[in-house]
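Following: one structure in structure tokens, then a few remarks.
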Amino acid sequence: MRSFLFAAAALIAAPLMAQDTMPPAPYAHRQLDDPALEAKAHDLMLTLRCLKCQGQSIADSDAKMAGDMRSQVRQMIAAGEEPEAVRGWLIERYGDYVSYAPRITALTWPLFVLPLVLLALAALLLRRRFTGRRS
Amino acid sequence: MSGAPDPKPRRWAMWLPLALFAGFVGLVLIGLFRPAPREVESALIGKPLPAFALPPASASRPGLASSEMGGGKPRLLNVFASWCIPCAVEAPQLAALAREGVAIDGIAIRDRREDVEAFLTRNGNPFARIGADDVSAVQMALGSSGVPETFVVDGKGVIRYQHIGEIRPEHVALLRRKLEEAAR
């Protein structure tokens, strides 16, 4: 119970700590002038995690750090980088956790293989059942 | 239901759904009471410091460039901000390390110069250099996701260790050990 109260208090306290009075980064709340580049940047931002308010994307979050990350992403896209290169740049620094787009790695491949195995298993069981009924 | 009617259904199979449900509840309870750590570690540990050059955040100290770290001796790189309350909590620990001769550089995140001055006057100034990172650009380059964080950078400019959160008295020994390891 006590730890729960502490956790609740921490949740309330965290936004208070993040009060700085600096102006937002140049492209935190400003779109890129080129609509095609902005669309590219926005699609990417929807799939990047805000590290302050985990569970939100940086496109959705109002945290100052999310604004700084949006600005960084927009500037990199404006400089001609491909969205996947920008994602790679962030993953290089924060690990896979920063990206919402799943990757197949040595750790995650069972997640992709398991549904196929289960489907195959289900097909096998159903086939046995149906052929069993006919006989 | 079943094509080949089973004359004697196995007894244990009756409990299977309940067992599965209990397992599921167990998983949920683990997630509820022992949540995964929320801290995001930098993926740059063991890798060289990214290149950066920051203007001074305080009139009393020069700015900070990555080329100045890695001068043969390990240093601490402290990511802080005057608006961050835990950063004041760790000030005595940083001061103690500085007194022992540990070189400490600082990066002030999203901070006004006058606020940094006030913070240093209030909490002491253990820093050799302080860079001002107004849009968290270097913080991002470092893979740091909050303040305060402290990196151990070795004499070659390679990041060796990251401490997330404030340095409490019980963490000082660990940092000293990491600095010693980085000196080898």
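Labels for the structure tokens follow display order: chains A, B, ..., residues from 1 in each chain, ligands from 1.
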- request: Dump as a VMD selection string the residues of chain B that approach chain A to within 8 Å, counting only C-alpha atoms.
  value: chain B and resid 2 to 4 40 to 44 83 to 85 110 to 112 134 to 137 140 to 146
Need the shell around B:Leu174: protein/DNA/RNA residues with any atom at most 12 Å away, counting only C-alpha atoms. Skip same-chain ones fewer than 6 positions apart. Format as a PDB file with C-alpha atoms, in the first residue's frame?
```pdb
ATOM      1  CA  LEU B  97      33.745  13.573  -5.565  1.00  0.00           C
ATOM      2  CA  VAL B 152      31.651   7.967 -16.638  1.00  0.00           C
ATOM      3  CA  TYR B 161      28.985   3.816 -17.376  1.00  0.00           C
ATOM      4  CA  GLN B 162      25.699   5.657 -17.010  1.00  0.00           C
ATOM      5  CA  HIS B 163      24.072   6.481 -13.710  1.00  0.00           C
ATOM      6  CA  ILE B 167      23.537  10.277  -7.050  1.00  0.00           C
ATOM      7  CA  ARG B 168      22.621   9.434  -3.468  1.00  0.00           C
ATOM      8  CA  GLU B 180      38.794   3.338 -11.228  1.00  0.00           C
ATOM      9  CA  GLU B 181      37.766   0.729 -13.796  1.00  0.00           C
TER      10      GLU B 181
END
```
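Across the structure, atom CA of B:Leu18 and atom CA of B:Ala36 are spaced 26.7 Å apart.
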field: Shortest interatomic distance to B:Ser58 - which of B:Gly155, B:Gly26, B:Gly165, B:Gly131, counting only C-alpha atoms
entry: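 Closest residue, counting only C-alpha atoms: B:Gly131.
We find atom CA of B:Ala57 and atom CA of B:Glu39 to be spaced 26.7 Å apart.
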field: Residue set, stretch 70-125 of chain A restricted to alpha helix (DSSP H), as a VMD selection string
entry: chain A and resid 70 to 78 83 to 94 109 to 125
Saved selection, atoms kept: N, CA and C atoms, as a CSV table (one decimal), in the first residue's frame:
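What follows is the written file out_16.csv:
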```csv
chain,number,residue,atom,x,y,z
A,70,ARG,N,10.9,16.2,-31.5
A,70,ARG,CA,10.2,16.5,-32.8
A,70,ARG,C,11.1,17.4,-33.6
A,71,SER,N,11.6,18.4,-32.9
A,71,SER,CA,12.5,19.4,-33.6
A,71,SER,C,13.7,18.7,-34.3
A,72,GLN,N,14.3,17.8,-33.5
A,72,GLN,CA,15.4,17.1,-34.0
A,72,GLN,C,15.0,16.2,-35.2
A,73,VAL,N,13.9,15.5,-35.1
A,73,VAL,CA,13.4,14.7,-36.2
A,73,VAL,C,13.1,15.5,-37.5
A,74,ARG,N,12.4,16.6,-37.3
A,74,ARG,CA,12.1,17.5,-38.4
A,74,ARG,C,13.3,18.0,-39.1
A,75,GLN,N,14.3,18.4,-38.3
A,75,GLN,CA,15.5,19.0,-38.8
A,75,GLN,C,16.3,17.9,-39.6
A,76,MET,N,16.3,16.7,-39.1
A,76,MET,CA,17.1,15.7,-39.8
A,76,MET,C,16.4,15.3,-41.1
A,77,ILE,N,15.0,15.3,-41.1
A,77,ILE,CA,14.3,15.0,-42.3
A,77,ILE,C,14.5,16.1,-43.3
A,78,ALA,N,14.4,17.4,-42.8
A,78,ALA,CA,14.6,18.5,-43.7
A,78,ALA,C,16.0,18.5,-44.3
A,83,PRO,N,13.5,8.6,-43.2
A,83,PRO,CA,12.9,8.4,-41.9
A,83,PRO,C,13.5,7.2,-41.2
A,84,GLU,N,13.8,6.1,-42.0
A,84,GLU,CA,14.4,4.9,-41.3
A,84,GLU,C,15.8,5.2,-40.8
A,85,ALA,N,16.5,6.1,-41.5
A,85,ALA,CA,17.8,6.5,-41.0
A,85,ALA,C,17.7,7.2,-39.7
A,86,VAL,N,16.7,8.1,-39.6
A,86,VAL,CA,16.5,8.9,-38.3
A,86,VAL,C,16.1,7.9,-37.2
A,87,ARG,N,15.2,7.0,-37.5
A,87,ARG,CA,14.8,6.0,-36.5
A,87,ARG,C,16.1,5.2,-36.1
A,88,GLY,N,16.9,4.8,-37.0
A,88,GLY,CA,18.1,4.1,-36.7
A,88,GLY,C,19.0,4.9,-35.8
A,89,TRP,N,19.1,6.2,-36.1
A,89,TRP,CA,19.9,7.2,-35.3
A,89,TRP,C,19.5,7.1,-33.8
A,90,LEU,N,18.1,7.2,-33.6
A,90,LEU,CA,17.6,7.2,-32.3
A,90,LEU,C,17.8,5.8,-31.6
A,91,ILE,N,17.6,4.7,-32.4
A,91,ILE,CA,17.7,3.4,-31.8
A,91,ILE,C,19.2,3.1,-31.3
A,92,GLU,N,20.1,3.7,-32.1
A,92,GLU,CA,21.5,3.6,-31.8
A,92,GLU,C,21.8,4.2,-30.4
A,93,ARG,N,21.0,5.2,-30.0
A,93,ARG,CA,21.2,5.9,-28.8
A,93,ARG,C,20.3,5.4,-27.6
A,94,TYR,N,19.1,5.1,-27.9
A,94,TYR,CA,18.2,4.7,-26.9
A,94,TYR,C,17.8,3.2,-26.9
A,109,TRP,N,12.2,-12.8,-32.6
A,109,TRP,CA,11.7,-13.6,-33.7
A,109,TRP,C,10.6,-14.6,-33.2
A,110,PRO,N,10.7,-15.1,-31.9
A,110,PRO,CA,9.6,-16.1,-31.5
A,110,PRO,C,8.2,-15.4,-31.6
A,111,LEU,N,8.2,-14.1,-31.4
A,111,LEU,CA,6.9,-13.4,-31.4
A,111,LEU,C,6.3,-13.5,-32.8
A,112,PHE,N,7.1,-13.5,-33.8
A,112,PHE,CA,6.6,-13.6,-35.2
A,112,PHE,C,6.4,-15.0,-35.6
A,113,VAL,N,7.2,-15.9,-35.1
A,113,VAL,CA,7.1,-17.3,-35.5
A,113,VAL,C,6.0,-18.1,-34.8
A,114,LEU,N,5.7,-17.7,-33.5
A,114,LEU,CA,4.8,-18.4,-32.7
A,114,LEU,C,3.4,-18.4,-33.3
A,115,PRO,N,2.8,-17.3,-33.8
A,115,PRO,CA,1.5,-17.3,-34.4
A,115,PRO,C,1.4,-18.3,-35.6
A,116,LEU,N,2.5,-18.4,-36.4
A,116,LEU,CA,2.5,-19.3,-37.5
A,116,LEU,C,2.5,-20.7,-37.0
A,117,VAL,N,3.2,-21.0,-36.0
A,117,VAL,CA,3.3,-22.4,-35.4
A,117,VAL,C,1.9,-22.7,-34.9
A,118,LEU,N,1.2,-21.8,-34.2
A,118,LEU,CA,-0.1,-22.0,-33.6
A,118,LEU,C,-1.1,-22.3,-34.7
A,119,LEU,N,-1.0,-21.5,-35.8
A,119,LEU,CA,-1.9,-21.6,-36.9
A,119,LEU,C,-1.8,-23.0,-37.5
A,120,ALA,N,-0.5,-23.4,-37.7
A,120,ALA,CA,-0.3,-24.7,-38.3
A,120,ALA,C,-0.8,-25.8,-37.4
A,121,LEU,N,-0.6,-25.6,-36.1
A,121,LEU,CA,-1.1,-26.6,-35.1
A,121,LEU,C,-2.6,-26.7,-35.2
A,122,ALA,N,-3.3,-25.5,-35.3
A,122,ALA,CA,-4.7,-25.5,-35.3
A,122,ALA,C,-5.2,-26.2,-36.6
A,123,ALA,N,-4.5,-25.9,-37.7
A,123,ALA,CA,-4.9,-26.5,-39.0
A,123,ALA,C,-4.8,-28.1,-38.9
A,124,LEU,N,-3.7,-28.5,-38.3
A,124,LEU,CA,-3.5,-29.9,-38.1
A,124,LEU,C,-4.6,-30.6,-37.3
A,125,LEU,N,-4.9,-29.9,-36.2
A,125,LEU,CA,-5.9,-30.5,-35.3
A,125,LEU,C,-7.3,-30.5,-35.9
```
- prompt: For A:Gly80, which of A:His29, A:Arg127, A:Gly55, A:Ala36 is the closest residue, counting only C-alpha atoms?
  reply: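 Of A:His29, A:Arg127, A:Gly55, A:Ala36, the one nearest A:Gly80 is A:Ala36, counting only C-alpha atoms.
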